[in-house]
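Everything below belongs to model.cif, which stores mmCIF, C-alpha atoms.
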data_input
loop_
_atom_site.label_atom_id
_atom_site.label_comp_id
_atom_site.auth_asym_id
_atom_site.auth_seq_id
_atom_site.Cartn_x
_atom_site.Cartn_y
_atom_site.Cartn_z
CA MET A 15 -71.00 -48.54 -35.66
CA THR A 16 -70.79 -49.67 -39.26
CA GLN A 17 -67.59 -49.48 -41.29
CA LEU A 18 -69.03 -46.56 -43.30
CA ASN A 19 -69.96 -44.69 -40.12
CA LYS A 20 -66.46 -45.26 -38.71
CA LEU A 21 -64.89 -43.88 -41.88
CA THR A 22 -67.22 -40.88 -41.81
CA TYR A 23 -66.33 -40.24 -38.14
CA VAL A 24 -62.57 -40.44 -38.83
CA LEU A 25 -62.92 -38.15 -41.84
CA MET A 26 -64.85 -35.58 -39.77
CA LEU A 27 -62.17 -35.62 -37.07
CA TRP A 28 -59.46 -35.14 -39.69
CA LEU A 29 -61.31 -32.21 -41.32
CA CYS A 30 -61.83 -30.55 -37.93
CA SER A 31 -58.12 -30.86 -37.16
CA CYS A 32 -57.23 -29.29 -40.52
CA ALA A 33 -59.39 -26.25 -39.76
CA SER A 34 -57.90 -25.77 -36.29
CA THR A 35 -56.30 -22.63 -34.91
CA PRO A 36 -52.93 -21.75 -36.51
CA GLU A 37 -49.89 -22.90 -34.58
CA ASN A 38 -47.99 -20.64 -32.18
CA PRO A 39 -44.43 -21.87 -32.84
CA HIS A 40 -42.80 -19.19 -30.64
CA GLY A 41 -44.88 -20.01 -27.56
CA LEU A 42 -46.19 -16.47 -27.08
CA PRO A 43 -48.87 -16.16 -24.35
CA LEU A 44 -51.82 -15.50 -26.67
CA MET A 45 -55.53 -15.42 -25.90
CA SER A 46 -57.67 -18.05 -27.61
CA GLU A 47 -59.57 -17.30 -30.81
CA SER A 48 -62.86 -17.60 -28.93
CA GLU A 49 -61.66 -14.97 -26.42
CA TYR A 50 -60.63 -12.79 -29.34
CA GLU A 51 -64.05 -13.08 -30.97
CA THR A 52 -65.76 -12.28 -27.65
CA ASN A 53 -63.69 -9.11 -27.21
CA ILE A 54 -64.43 -7.97 -30.77
CA GLU A 55 -68.13 -8.66 -30.30
CA THR A 56 -68.20 -6.73 -26.99
CA PHE A 57 -66.89 -3.55 -28.60
CA THR A 58 -68.70 -3.86 -31.93
CA GLU A 59 -72.04 -2.19 -32.66
CA LYS A 60 -74.31 -2.54 -35.70
CA THR A 61 -77.28 -0.70 -37.13
CA GLN A 62 -79.44 -0.65 -40.25
CA VAL A 63 -81.17 2.48 -41.54
CA TYR A 64 -84.34 2.40 -43.65
CA SER A 65 -86.36 5.00 -45.50
CA GLY A 66 -89.78 3.35 -45.48
CA LEU A 67 -89.13 -0.15 -46.82
CA TYR A 68 -85.93 0.94 -48.58
CA ASN A 69 -82.59 0.05 -46.98
CA VAL A 70 -80.42 3.16 -46.91
CA MET A 71 -77.34 1.77 -45.15
CA ASP A 72 -75.92 -0.95 -42.91
CA ILE A 73 -73.07 -0.05 -40.58
CA SER A 74 -71.02 -2.23 -38.28
CA GLY A 75 -68.18 -0.68 -36.31
CA THR A 76 -65.53 -1.74 -33.79
CA LEU A 77 -63.95 0.72 -31.37
CA ILE A 78 -60.22 -0.02 -31.15
CA ASN A 79 -59.78 0.52 -27.42
CA SER A 80 -57.00 -0.98 -25.25
CA THR A 81 -58.78 -4.34 -24.95
CA VAL A 82 -59.41 -4.67 -28.68
CA ALA A 83 -55.92 -3.48 -29.59
CA GLN A 84 -54.28 -6.12 -27.37
CA SER A 85 -56.67 -8.75 -28.70
CA GLN A 86 -55.72 -7.85 -32.26
CA LEU A 87 -52.02 -8.09 -31.48
CA ASP A 88 -52.61 -11.62 -30.21
CA GLN A 89 -54.73 -12.53 -33.22
CA GLN A 90 -52.18 -11.22 -35.73
CA ALA A 91 -49.35 -12.92 -33.85
CA ARG A 92 -51.28 -16.20 -34.21
CA LEU A 93 -52.26 -15.70 -37.86
CA TYR A 94 -48.81 -14.57 -39.02
CA GLN A 95 -46.71 -16.56 -36.48
CA TRP A 96 -44.88 -13.52 -35.09
CA ASP A 97 -41.76 -14.07 -33.04
CA PRO A 98 -41.29 -12.23 -29.70
CA SER A 99 -39.27 -9.43 -31.34
CA LYS A 100 -42.03 -8.70 -33.89
CA MET A 101 -44.65 -8.82 -31.13
CA THR A 102 -42.70 -6.27 -29.07
CA THR A 103 -42.30 -3.92 -32.05
CA GLU A 104 -46.00 -4.08 -32.91
CA LYS A 105 -46.97 -3.60 -29.24
CA VAL A 106 -44.93 -0.38 -29.06
CA LYS A 107 -46.58 0.93 -32.26
CA SER A 108 -50.04 0.01 -30.96
CA ASP A 109 -49.46 1.77 -27.62
CA GLU A 110 -48.27 4.92 -29.39
CA GLY A 111 -51.46 4.96 -31.46
CA LEU A 112 -53.72 4.42 -28.43
CA ASN A 113 -52.06 7.35 -26.64
CA LYS A 114 -52.49 9.66 -29.62
CA GLU A 115 -55.83 8.93 -31.32
CA THR A 116 -59.06 6.94 -31.42
CA GLU A 117 -59.66 4.54 -34.30
CA ILE A 118 -62.91 2.87 -35.30
CA PHE A 119 -63.11 0.19 -37.96
CA VAL A 120 -66.35 0.48 -39.98
CA SER A 121 -67.90 -2.02 -42.38
CA PHE A 122 -70.25 0.13 -44.47
CA TYR A 123 -72.90 -0.93 -46.98
CA THR A 124 -75.30 1.16 -49.01
CA PRO A 125 -77.24 -0.11 -52.06
CA GLU A 126 -76.31 3.03 -54.02
CA ARG A 127 -72.62 2.70 -54.88
CA LYS A 128 -72.32 6.44 -55.53
CA HIS A 129 -73.20 7.01 -51.86
CA ASP A 130 -70.38 4.72 -50.69
CA ASP A 131 -67.76 7.46 -50.52
CA LEU A 132 -66.94 8.06 -46.84
CA ASN A 133 -63.27 8.62 -47.69
CA LYS A 134 -63.77 11.15 -50.51
CA ASN A 135 -63.12 14.90 -50.06
CA GLN A 136 -66.54 15.74 -51.53
CA THR A 137 -68.41 13.04 -49.62
CA LEU A 138 -72.10 13.41 -48.74
CA TRP A 139 -71.38 12.29 -45.19
CA LYS A 140 -70.22 13.90 -41.96
CA ILE A 141 -68.69 11.66 -39.32
CA PHE A 142 -68.41 12.58 -35.64
CA LEU A 143 -67.32 11.01 -32.38
CA ASP A 144 -68.99 12.19 -29.17
CA ALA A 145 -67.14 11.41 -25.91
CA ASN A 146 -66.77 13.14 -22.54
CA GLY A 147 -69.02 16.01 -23.64
CA ARG A 148 -66.88 16.84 -26.70
CA ARG A 149 -67.34 16.21 -30.41
CA TYR A 150 -64.51 15.23 -32.75
CA GLU A 151 -64.54 15.06 -36.53
CA GLY A 152 -63.00 11.98 -38.11
CA LYS A 153 -60.58 11.36 -40.97
CA VAL A 154 -61.59 8.39 -43.10
CA LYS A 155 -59.38 6.00 -45.03
CA LYS A 156 -60.51 3.00 -47.08
CA VAL A 157 -58.89 -0.23 -45.90
CA LYS A 158 -57.11 -1.82 -48.86
CA LEU A 159 -56.78 -5.42 -47.77
CA LEU A 160 -58.33 -8.60 -49.09
CA THR A 161 -61.72 -9.49 -47.59
CA GLU A 162 -60.17 -12.63 -46.07
CA GLU A 163 -57.50 -10.57 -44.31
CA ILE A 164 -60.08 -8.17 -42.89
CA ARG A 165 -62.31 -11.01 -41.75
CA GLY A 166 -59.35 -12.42 -39.81
CA LEU A 167 -59.69 -9.37 -37.55
CA TYR A 168 -63.37 -8.47 -38.04
CA PRO A 169 -65.35 -11.70 -38.66
CA TYR A 170 -68.61 -9.78 -39.31
CA HIS A 171 -67.23 -7.98 -42.38
CA ASN A 172 -68.44 -9.29 -45.76
CA ARG A 173 -67.61 -8.72 -49.42
CA PHE A 174 -70.70 -6.59 -50.02
CA ALA A 175 -69.56 -3.94 -47.54
CA THR A 176 -66.69 -1.45 -47.81
CA PRO A 177 -64.08 -1.42 -45.02
CA TYR A 178 -63.09 1.96 -43.61
CA GLU A 179 -60.75 3.13 -40.87
CA ILE A 180 -61.92 6.32 -39.12
CA VAL A 181 -59.43 8.19 -36.91
CA PHE A 182 -60.30 10.92 -34.40
CA PRO A 183 -57.84 13.37 -32.76
CA VAL A 184 -58.29 12.19 -29.17
CA SER A 185 -56.46 9.49 -27.20
CA VAL A 186 -58.67 6.44 -26.88
CA ARG A 187 -57.16 5.84 -23.43
CA SER A 188 -58.74 9.12 -22.27
CA ILE A 189 -62.27 8.18 -23.40
CA GLU A 190 -62.52 4.37 -23.39
CA SER A 191 -63.93 4.14 -19.85
CA THR A 192 -66.95 6.27 -20.83
CA PRO A 193 -69.72 5.76 -23.42
CA VAL A 194 -68.60 6.73 -26.92
CA LYS A 195 -70.96 7.53 -29.80
CA LEU A 196 -70.13 7.43 -33.51
CA THR A 197 -72.42 9.37 -35.85
CA VAL A 198 -72.50 8.98 -39.63
CA THR A 199 -74.95 11.50 -41.07
CA GLY A 200 -75.91 13.13 -44.36
CA PRO A 201 -78.86 13.92 -46.64
CA ILE A 202 -79.46 10.20 -47.26
CA GLY A 203 -79.82 9.24 -43.60
CA SER A 204 -78.25 9.22 -40.17
CA ALA A 205 -76.85 6.35 -38.09
CA ASN A 206 -75.45 6.16 -34.56
CA LEU A 207 -73.28 3.49 -32.99
CA GLN A 208 -73.09 3.68 -29.18
CA PHE A 209 -70.03 1.84 -27.84
CA LYS A 210 -69.82 0.37 -24.34
CA PRO A 211 -67.21 1.67 -21.87
CA ALA A 212 -64.20 -0.57 -21.30
CA SER A 213 -63.73 -1.77 -17.74
CA ARG A 214 -60.46 -0.78 -16.12
#

What does the file become when written as C-alpha cells?
Amino acid sequence: MTQLNKLTYVLMLWLCSCASTPENPHGLPLMSESEYETNIETFTEKTQVYSGLYNVMDISGTLINSTVAQSQLDQQARLYQWDPSKMTTEKVKSDEGLNKETEIFVSFYTPERKHDDLNKNQTLWKIFLDANGRRYEGKVKKVKLLTEEIRGLYPYHNRFATPYEIVFPVSVRSIESTPVKLTVTGPIGSANLQFKPASR
C-alpha cells in the first residue's frame, strides 16, 4: 500500500466515524438505526398516479402503528439525546395517542402547486381510511418542520414533496392487526395505499 493509499484509507475511516450514529449518553436501550429504517420501510407504502404520460401525484405514507411509534421514540431519543425522564414522558404521550386515534404521515407531491392543498378547508381532495369494514374521514395538518428534521424520521421524504399528518378518529391499536387502506381521491385522480397488518 503506497503512502497516498494509506492516507486515503485513514481519511475514509475518519469520515465514516464522523458520520456515525449519534451518541446515547444516557444508555437507554434503543434499537439501531438500521432496525429503525427497516420498521419504517415495513409500514410505508408508495404510489404514483398518471393521467396518460402526465404525472398527477406521488404519495408516500407511513402508518404510525405501535411498532412505528416505539421505533420513532427510540430514533428521537437518539437524535436529541433524551434522558430517561424525557423518554418516559414521551412514551406516555405516544401511548395516549395510539389508544385514541390513527395517524398517517404522508409525503405528497403534485406538479400543480394549486392542487397541493390537502390541509385546506376548500381542498379538492377527500381522504379516507378503511379498516375493519368501516370508513373514517381524516383531518389533515401540514407538518411545519425543516426537511432535515422530517427526514430524520421519514428518510424517503424530499424537499419537492409536502409533509402532511392525517389523523383518523379510531384507535390504531384496534385496527393495526388488520389490513388498512388509505384513499386520497378527487377530480384530479385517486390513489390508494394499502398498509400491512402489524404482527402481535

Neighbouring residues of Thr176 (chain A) were defined as those with any atom within 9 Å, considering all atoms listed in the file; residues of the same chain fewer than 4 positions away were excluded. Please report them as a PyMOL selection string.
chain A and resi 120-123+130+156-157+171-172

Mind writing the picked residues with C-alpha atoms as an mmCIF file, in the frame of the given file?
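Output below, filename again13.cif:
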data_model
loop_
_atom_site.group_PDB
_atom_site.id
_atom_site.type_symbol
_atom_site.label_atom_id
_atom_site.label_comp_id
_atom_site.auth_asym_id
_atom_site.auth_seq_id
_atom_site.Cartn_x
_atom_site.Cartn_y
_atom_site.Cartn_z
ATOM 1 C CA VAL A 120 -66.350 0.480 -39.980
ATOM 2 C CA SER A 121 -67.900 -2.020 -42.380
ATOM 3 C CA PHE A 122 -70.250 0.130 -44.470
ATOM 4 C CA TYR A 123 -72.900 -0.930 -46.980
ATOM 5 C CA ASP A 130 -70.380 4.720 -50.690
ATOM 6 C CA LYS A 156 -60.510 3.000 -47.080
ATOM 7 C CA VAL A 157 -58.890 -0.230 -45.900
ATOM 8 C CA HIS A 171 -67.230 -7.980 -42.380
ATOM 9 C CA ASN A 172 -68.440 -9.290 -45.760
#

So that I can check the surroundings of Ser48 (chain A), please list as a PyMOL selection string every protein, DNA and RNA residue that reaches within 12 Å of it, counting all atoms listed in the file and ignoring chain neighbours fewer than 3 positions away.
chain A and resi 35+44-45+51-55+85+88-89+169

Evaluated on this file, the PyMOL selection byres ((chain A and resi 201) around 8) picks out some residues - which ones are they, written as a list in words?
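With the shown file as input, the PyMOL selection byres ((chain A and resi 201) around 8) matches Leu138, Trp139, Thr199, Gly200, Ile202 and Gly203 of chain A.
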
Counting all atoms listed in the file, find residues at most 12 Å from (-48.5, -1.9, -33.2) (file frame) and give them as a ChimeraX atom specification.
/A:80,83-88,90-91,100-113

Excluding Ile78 (chain A) and its own-chain neighbours fewer than 5 positions away, which residues fall within 8 Å of it when counting only C-alpha atoms? Please give them as a VMD selection string.
chain A and resid 57 83 116 to 119 186

Top pick for closest residue to Leu207 (chain A), considering A:Val184, A:Leu42, A:Val63, A:Leu160 and counting all atoms listed in the file:
A:Val63

Please determine the residues with any atom at most 7 Å from (-66.2, 11.2, -25.2) (coordinates as given in the file, with only C-alpha atoms counting) and report them as an MDAnalysis selection string.
chainID A and resid 144:148 189 192:194

Between CA of Ser46 (chain A) and CA of Ser188 (chain A) lies a distance of 27.7 Å

Residue nearest Leu77 (chain A) among A:Gln136, A:Gly166, A:Ser65, A:Glu59 (counting all atoms listed in the file):
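Closest residue, counting all atoms listed in the file: A:Glu59.
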
Atom pair CA of Pro211 (chain A) / CA of Glu190 (chain A): separation (Å):
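Spanning CA of Pro211 (chain A) to CA of Glu190 (chain A) is a straight-line distance of 5.6 Å.
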
Within 12 Å of Lys158 (chain A), counting only C-alpha atoms, which residues show up once you throw out same-chain ones fewer than 2 positions away? Write them as a list in words, please.
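Counting only the stated atoms, we get Lys155, Lys156, Leu160, Thr161, Glu162, Glu163, Ile164, Thr176, Pro177, Tyr178 and Glu179 of chain A.
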